[in-house]
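These notes concern the structure reproduced below.
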Amino acid sequence: MNLSSSFSSPASPGRKAPLICFSHLRWDFVLQRPQHLMERFSKDRQVFFFEEFIPTDHSLAYLEIHPFAGTTVKSVRPRIPHWWNEHDRERALSQLLDELLALHGASRPILWFYTPMMYSFARHVDASAVVYDCMDELANFKFAPPKLRETEAALITRADVMFTGGHSLYEAKRHLHENIHPFPSSVDVAHFETARTCQDEPSDQRSIAGPKLGYYGVIDERLDLAMIGEVAKARPEFSFIFIGPVVKIAREDLPKAANIHYLGQKNYDQLPAYLSGWNAALMPFARNDATKFISPTKTPEYLAAGRPVVSTPITDVVRHYGELGGVFLAEDAKRFALACDDAIALKKTMPGWLARVDTMLADLSWDGTFVSMRALVEEATTQRLVSRQSAKRDRPKARKPSSNSYDYIIVGAGFAGSVLAERLASDGRKRVLICDRRPHIAGNAYDFQNEDGILVHRYGPHIFHTNSEDVFNYLSRFTAWRPYEHRVLAQVGDRQLPVPINRTTLNGLYSLDLQNEEDAARFLASQAEPCDAILTSKDVVVSQVGSDLYRTFFEGYTRKQWGLDPSQLDKSVTARVPTRTSTDDRYFLDSFQAMPLHGYTAMFEKMLDHDNITVVTGAEYADIRKDTRAAHTIFTGPIDEYFDYRFGRLPYRSLKFQHETHDVAQKLPVAVVNYPSEDVPYTRVTEYKHLTGQIHPKTSMSYEFACADGDPYYPIPRPENQALYKQYEALGRERTDVTFVGRLGTYKYYNMDQVVGQALATYRRMMKPVSGKAVAADTQ
């Protein structure tokens, strides 16, 4: 169970790339899958077992490296001052990891993750291969970190190969990765088989009377404590023995009775001796989220010891052992107690039951699992090396300035910043550092796979469309495309009608039978209310379609979206939404309409994958510039923030999103349904599988709420706001060391393709700067 393993001492390591195993479990806690595998890997390479940090009262962060007898695996235990915040802690862990690699000459190691949370500070490491061994669904465990699912999605995207701890977990995640493999629990048969012969029971168990039924392992929320108490009460003549540490639950919450015995944590080498005194072994797991995908290692271990097993019907236990004569399954306390009776009587009624067990266990050795995993890891390492060498052949050689010196610092890793970074690095041969305060690249276009493996857009739907062949061709360097034409419906009462308004909308709303475009044009003309001067968003709509359609489709939606009445907004807000007399229900009519085949984030990753580009996420520009030199800054954030709000803050509208996943394949008839009514708090609902084309038994949606506070999304188009921006723009034009680009940098709403076009135009101008003038973004 924990302190030392029964493996022979490994041969001297270091002949291959070192391996760093990131684990939420300590090396000397409970001996499980990580220890079995890492011991074997350590026979021909150095293995570091990087554990979770330990708070310290010391004022500095440092590493403790623990050697253990009988193994060359080194346990690495970071010590972090307990008062540090998450940002400082993550930065320190990243630095400590770099120091570990430098001290031991561990270049391009294999990174092996048991917990996704450690990927956040290890993602920058240049690895020979990245392995995600998903032993359990940790996000379902008690006290799971809130960011675990998001970090796991990022790790899965980066991983070269992925393993799961059982078949049910594999089935839940197999759609997430192209190179994923199930590896259920294995067993060291020779070790546990010694329990079949008579051994001297340890003294703390020897004195316990009656037929003994035992459990070993972590005692936590995965056990059905109530059922254990009921079974012990129903069978007072039996003794129920529990061996292992109590974790995440209070000891006073454990069931207590004269025939329940807690013997504490024991050494792995001691377990056969304890098993030898048991009449049957127990797996009284609760049926909850934490046990939904478990594949208990103790199942084959108990059987190898020659002990019948009584278990609740855990999916992987039923699947692999349900038909085996020595395994008894029971759903509740009454049936569990009866199953205990049957297990104890097994030897008398079925003396040959172990023969079938031994046949099954012959194919479940840790040696066999290790050999299969090692082959997959070596294959992934080879493929990564080939890709790396191929990429190097295709790339121009990068200049090598000092590590803290760059030609450009780019603030913001969205479209504007990433396009400029790519152009400056690959075409301009410049050394670029691009940073973003968010923990990811791609800006508002960031997409990721949620916990169910559905690709969603974190910040609401982003649909690519353009009439610019140059923009489309440029982005096509970094992605293949999925053809997609966007369609939107508006919920009007109990009806869903197409928007933009077209002939189908008019016929459905007014119960008309407009047959052609001429009929529709005449009807709209009869509704239109000409204005003397078209100045506001309300003027635009009313002059085209009249007050009734304005109130039905525009007024409430605009008030929710902008927090202002359309009569208070510039005409540009609603001028972007056309009205049609045809039945064409496409939201956009651009020449190029498509979605990145593998998502926006994957496209950005390829865009920024260049030797001349350094990417830093989760970092503030103010912190970056303290330690980094650059001749020029490209700023895609809010221009008023850059100048410390000298003239006051520019007003922005923000958004909040409520993401939900449903156990059905599809909920909406189209990707987006708008809700114009002010009675509904959100503006629209998006179902992402329409956008991505993903096939999945579940579906994910987001509800969008416009608000005043939060990250800036949309500049609010009013004359006084534009006047304030002009003051900041004038400051920017006085500077020769900074360029402002993008929605926030130029305080103007752009579609994605317009931002790309602006960035490409800005790059062309930067390569031909006007002497003595600041380089301003091309506002098209």
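Quick note on naming: the chains in the structure tokens go A, B, ... in the order shown, residues restart at 1 in each chain, and ligands are numbered from 1 in order of appearance.
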*Could you pull out the strand (DSSP E) residues of range 447-596 of chain A from DSSP and send them as a list of chain:residue names?*
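Those in range 447-596 of chain A that DSSP calls strand (DSSP E) are A:Asp447, A:Phe448, A:Gln449, A:Leu455, A:Val456, A:His457, A:Phe464, A:His465, A:Thr466, A:Trp481, A:Arg482, A:Pro483, A:Val488, A:Leu489, A:Ala490, A:Gln491, A:Val492, A:Arg495, A:Gln496, A:Leu497, A:Pro498, A:Val499, A:Phe592, A:Gln593, A:Ala594, A:Met595, A:Pro596.
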Task: Exercise: Met283 in chain A partners within 9 Å, only C-alpha atoms, chain neighbours under 5 positions left out, as a ChimeraX atom specification - done: /A:214-216,223,296,298-299,309-312
With the cut-off set at 10 Å and counting only C-alpha atoms, tabulate each residue of range 259-369 of chain A with an atom at most that distance from an atom of range 226-249 of chain A, showing the nearest atom pair and its distance in Å to one decimal, ordered by chain and increasing number, as a tab-separated table.
residue	atom	partner	partner_atom	distance
A:Asn259	CA	A:Ser239	CA	4.8
A:Ile260	CA	A:Phe240	CA	4.8
A:His261	CA	A:Ile241	CA	4.8
A:Tyr262	CA	A:Phe242	CA	4.9
A:Leu263	CA	A:Ile243	CA	5.2
A:Gly264	CA	A:Gly244	CA	5.0
A:Gln265	CA	A:Gly244	CA	4.0
A:Lys266	CA	A:Gly244	CA	6.6
A:Asn267	CA	A:Gly244	CA	9.5
A:Leu271	CA	A:Ile243	CA	9.2
A:Tyr274	CA	A:Ile243	CA	9.1
A:Trp278	CA	A:Ile241	CA	8.8
A:Asn279	CA	A:Phe238	CA	9.9
A:Ala280	CA	A:Phe240	CA	10.0
A:Ala281	CA	A:Ile241	CA	9.4
A:Leu282	CA	A:Phe240	CA	8.9
A:Pro284	CA	A:Ile228	CA	7.0
A:Phe285	CA	A:Met227	CA	9.2
A:Ala286	CA	A:Met227	CA	8.5
A:Glu331	CA	A:Met227	CA	9.8
A:Asp332	CA	A:Met227	CA	7.1
A:Ala333	CA	A:Met227	CA	5.2
A:Lys334	CA	A:Val231	CA	7.1
A:Arg335	CA	A:Val231	CA	9.2
A:Phe336	CA	A:Val231	CA	7.0
A:Ala337	CA	A:Val231	CA	5.5
A:Leu338	CA	A:Val231	CA	9.2
A:Cys340	CA	A:Arg235	CA	9.1
A:Asp341	CA	A:Arg235	CA	9.2
Inset, instruction - Please identify all polymer residues within 12 Å of Thr558 in chain A, counting only C-alpha atoms, omitting same-chain residues fewer than 6 positions from it, and present them as a PyMOL selection string. - result: chain A and resi 537-538+541+550-552+564-570+573-574+577+653+674-678+682-684+706+716
Those selected residues, please, written with N, CA and C atoms and delivered as an mmCIF file, in the first residue's frame.
data_model
loop_
_atom_site.group_PDB
_atom_site.id
_atom_site.type_symbol
_atom_site.label_atom_id
_atom_site.label_comp_id
_atom_site.auth_asym_id
_atom_site.auth_seq_id
_atom_site.Cartn_x
_atom_site.Cartn_y
_atom_site.Cartn_z
ATOM 1 N N SER A 537 -29.622 54.608 -33.993
ATOM 2 C CA SER A 537 -29.980 53.242 -34.375
ATOM 3 C C SER A 537 -31.481 53.094 -34.569
ATOM 4 N N LYS A 538 -32.263 53.777 -33.748
ATOM 5 C CA LYS A 538 -33.711 53.713 -33.920
ATOM 6 C C LYS A 538 -34.113 54.291 -35.270
ATOM 7 N N VAL A 541 -33.681 51.732 -38.202
ATOM 8 C CA VAL A 541 -34.639 50.636 -38.289
ATOM 9 C C VAL A 541 -36.036 51.152 -38.646
ATOM 10 N N TYR A 550 -39.662 47.303 -35.515
ATOM 11 C CA TYR A 550 -38.617 47.848 -34.635
ATOM 12 C C TYR A 550 -38.831 47.372 -33.200
ATOM 13 N N ARG A 551 -40.055 47.511 -32.705
ATOM 14 C CA ARG A 551 -40.332 47.103 -31.317
ATOM 15 C C ARG A 551 -40.221 45.586 -31.156
ATOM 16 N N THR A 552 -40.642 44.837 -32.180
ATOM 17 C CA THR A 552 -40.650 43.376 -32.078
ATOM 18 C C THR A 552 -39.243 42.786 -32.052
ATOM 19 N N LEU A 564 -28.780 50.802 -23.242
ATOM 20 C CA LEU A 564 -29.260 52.112 -23.688
ATOM 21 C C LEU A 564 -30.390 51.898 -24.687
ATOM 22 N N ASP A 565 -31.255 52.861 -24.802
ATOM 23 C CA ASP A 565 -32.290 52.808 -25.824
ATOM 24 C C ASP A 565 -31.651 53.034 -27.193
ATOM 25 N N PRO A 566 -32.164 52.390 -28.256
ATOM 26 C CA PRO A 566 -31.592 52.599 -29.594
ATOM 27 C C PRO A 566 -31.539 54.071 -30.010
ATOM 28 N N SER A 567 -32.428 54.875 -29.471
ATOM 29 C CA SER A 567 -32.415 56.297 -29.805
ATOM 30 C C SER A 567 -31.203 57.011 -29.219
ATOM 31 N N GLN A 568 -30.467 56.340 -28.322
ATOM 32 C CA GLN A 568 -29.274 56.930 -27.706
ATOM 33 C C GLN A 568 -27.979 56.390 -28.309
ATOM 34 N N LEU A 569 -28.102 55.514 -29.313
ATOM 35 C CA LEU A 569 -26.928 54.876 -29.894
ATOM 36 C C LEU A 569 -26.713 55.326 -31.326
ATOM 37 N N ASP A 570 -25.457 55.347 -31.725
ATOM 38 C CA ASP A 570 -25.098 55.721 -33.078
ATOM 39 C C ASP A 570 -25.771 54.794 -34.092
ATOM 40 N N VAL A 573 -24.854 50.881 -35.034
ATOM 41 C CA VAL A 573 -25.179 49.683 -34.273
ATOM 42 C C VAL A 573 -26.148 48.795 -35.039
ATOM 43 N N THR A 574 -27.241 49.361 -35.545
ATOM 44 C CA THR A 574 -28.234 48.549 -36.252
ATOM 45 C C THR A 574 -28.031 48.558 -37.759
ATOM 46 N N VAL A 577 -27.216 45.181 -39.329
ATOM 47 C CA VAL A 577 -28.212 44.126 -39.446
ATOM 48 C C VAL A 577 -29.134 44.445 -40.623
ATOM 49 N N ARG A 653 -19.158 47.869 -23.149
ATOM 50 C CA ARG A 653 -20.197 46.929 -22.748
ATOM 51 C C ARG A 653 -19.540 45.569 -22.559
ATOM 52 N N ASN A 674 -32.131 34.280 -30.802
ATOM 53 C CA ASN A 674 -32.166 35.578 -30.130
ATOM 54 C C ASN A 674 -33.448 35.723 -29.314
ATOM 55 N N TYR A 675 -33.357 36.507 -28.253
ATOM 56 C CA TYR A 675 -34.526 36.770 -27.410
ATOM 57 C C TYR A 675 -34.713 38.288 -27.300
ATOM 58 N N PRO A 676 -35.495 38.874 -28.216
ATOM 59 C CA PRO A 676 -35.648 40.329 -28.233
ATOM 60 C C PRO A 676 -36.420 40.877 -27.030
ATOM 61 N N SER A 677 -37.267 40.084 -26.425
ATOM 62 C CA SER A 677 -38.129 40.591 -25.358
ATOM 63 C C SER A 677 -37.320 40.966 -24.121
ATOM 64 N N GLU A 678 -37.658 42.105 -23.526
ATOM 65 C CA GLU A 678 -37.004 42.528 -22.286
ATOM 66 C C GLU A 678 -37.474 41.699 -21.091
ATOM 67 N N TYR A 682 -31.583 37.209 -20.797
ATOM 68 C CA TYR A 682 -30.451 37.006 -21.689
ATOM 69 C C TYR A 682 -30.819 37.458 -23.097
ATOM 70 N N THR A 683 -29.785 37.732 -23.884
ATOM 71 C CA THR A 683 -30.010 38.220 -25.245
ATOM 72 C C THR A 683 -30.108 37.095 -26.260
ATOM 73 N N ARG A 684 -29.314 36.024 -26.042
ATOM 74 C CA ARG A 684 -29.346 34.936 -27.019
ATOM 75 C C ARG A 684 -28.830 33.656 -26.374
ATOM 76 N N ALA A 706 -25.768 40.558 -21.339
ATOM 77 C CA ALA A 706 -25.002 41.788 -21.479
ATOM 78 C C ALA A 706 -24.993 42.526 -20.141
ATOM 79 N N ILE A 716 -18.836 51.453 -26.842
ATOM 80 C CA ILE A 716 -20.210 51.961 -26.944
ATOM 81 C C ILE A 716 -20.209 53.162 -27.885
#
Distance criterion (only C-alpha atoms): nearest to Glu152 in chain A out of A:Thr164, A:Thr536, A:Asn450, A:Thr291: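 Closest to Glu152 in chain A, using only C-alpha atoms: A:Asn450.
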Q) So what do you get for CA of Leu376 in chain A versus CA of His177 in chain A, distance-wise? A)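 Taking CA of Leu376 in chain A and CA of His177 in chain A, their separation equals 14.1 Å.
Within 8 Å of range 607-615 of chain A there are A:Ala398, A:Arg399, A:Ser418, A:Val419, A:Ala421, A:Glu422, A:Ala425, A:Ser426, A:Arg429, A:Lys430, A:Arg431, A:Val432, A:Leu433, A:Ile434, A:Cys435, A:Phe478, counting only C-alpha atoms and ignoring same-chain residues fewer than 5 positions away.
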Across A:Ile54, A:Leu275, A:Leu25, A:Ala521, the smallest distance to Val218 in chain A, with only C-alpha atoms counted, is shown by A:Leu25
Among A:Val317, A:Leu63, A:Val755, A:Ala154, Ala602 in chain A is approached most closely, using only C-alpha atoms, by A:Ala154
| said: Taking 5 positions as the minimum chain separation for residues in the same chain, which residues sit within 9 Å of Ala630 in chain A when counting only C-alpha atoms? Answer as a list of chain:residue names. | reply: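 Counting only the stated atoms, we get A:Asn404, A:Ser405, A:Tyr406, A:Asp407, A:Tyr408, A:Ile409, A:Val432, A:Leu433, A:Arg625.
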Hey, can you spit out that residue selection with C-alpha atoms as an mmCIF file, in the first residue's frame?
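Below you can see result30.cif, which holds the result:
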data_model
loop_
_atom_site.group_PDB
_atom_site.id
_atom_site.type_symbol
_atom_site.label_atom_id
_atom_site.label_comp_id
_atom_site.auth_asym_id
_atom_site.auth_seq_id
_atom_site.Cartn_x
_atom_site.Cartn_y
_atom_site.Cartn_z
ATOM 1 C CA ASN A 404 14.936 39.154 -21.883
ATOM 2 C CA SER A 405 15.374 41.206 -25.043
ATOM 3 C CA TYR A 406 12.907 41.320 -27.930
ATOM 4 C CA ASP A 407 12.236 43.447 -30.964
ATOM 5 C CA TYR A 408 8.543 43.677 -30.084
ATOM 6 C CA ILE A 409 6.318 43.121 -27.105
ATOM 7 C CA VAL A 432 8.540 38.762 -30.476
ATOM 8 C CA LEU A 433 7.127 38.279 -26.989
ATOM 9 C CA ARG A 625 7.852 45.152 -19.070
#
What separates CA of Ala61 in chain A and CA of Arg123 in chain A is a distance of 19.6 Å
- Could you tell me which of A:Phe643, A:Arg458, A:Gln449, A:Pro116 comes closest to Pro146 in chain A if we count only C-alpha atoms?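 Once distances to Pro146 in chain A are computed over only C-alpha atoms, the minimum belongs to A:Pro116.
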Problem - Within 12 Å of Thr692 in chain A using only C-alpha atoms, minus same-chain residues under 6 positions, as number ranges by chain - result: A: 447-449, 454-457, 461-464, 481-486, 594-600, 671, 686, 699-700
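Nearest-residue note for Glu221 in chain A: choosing from A:Phe183, A:Phe604, A:Phe143, A:Phe293, the minimum distance belongs to A:Phe143, counting only C-alpha atoms.
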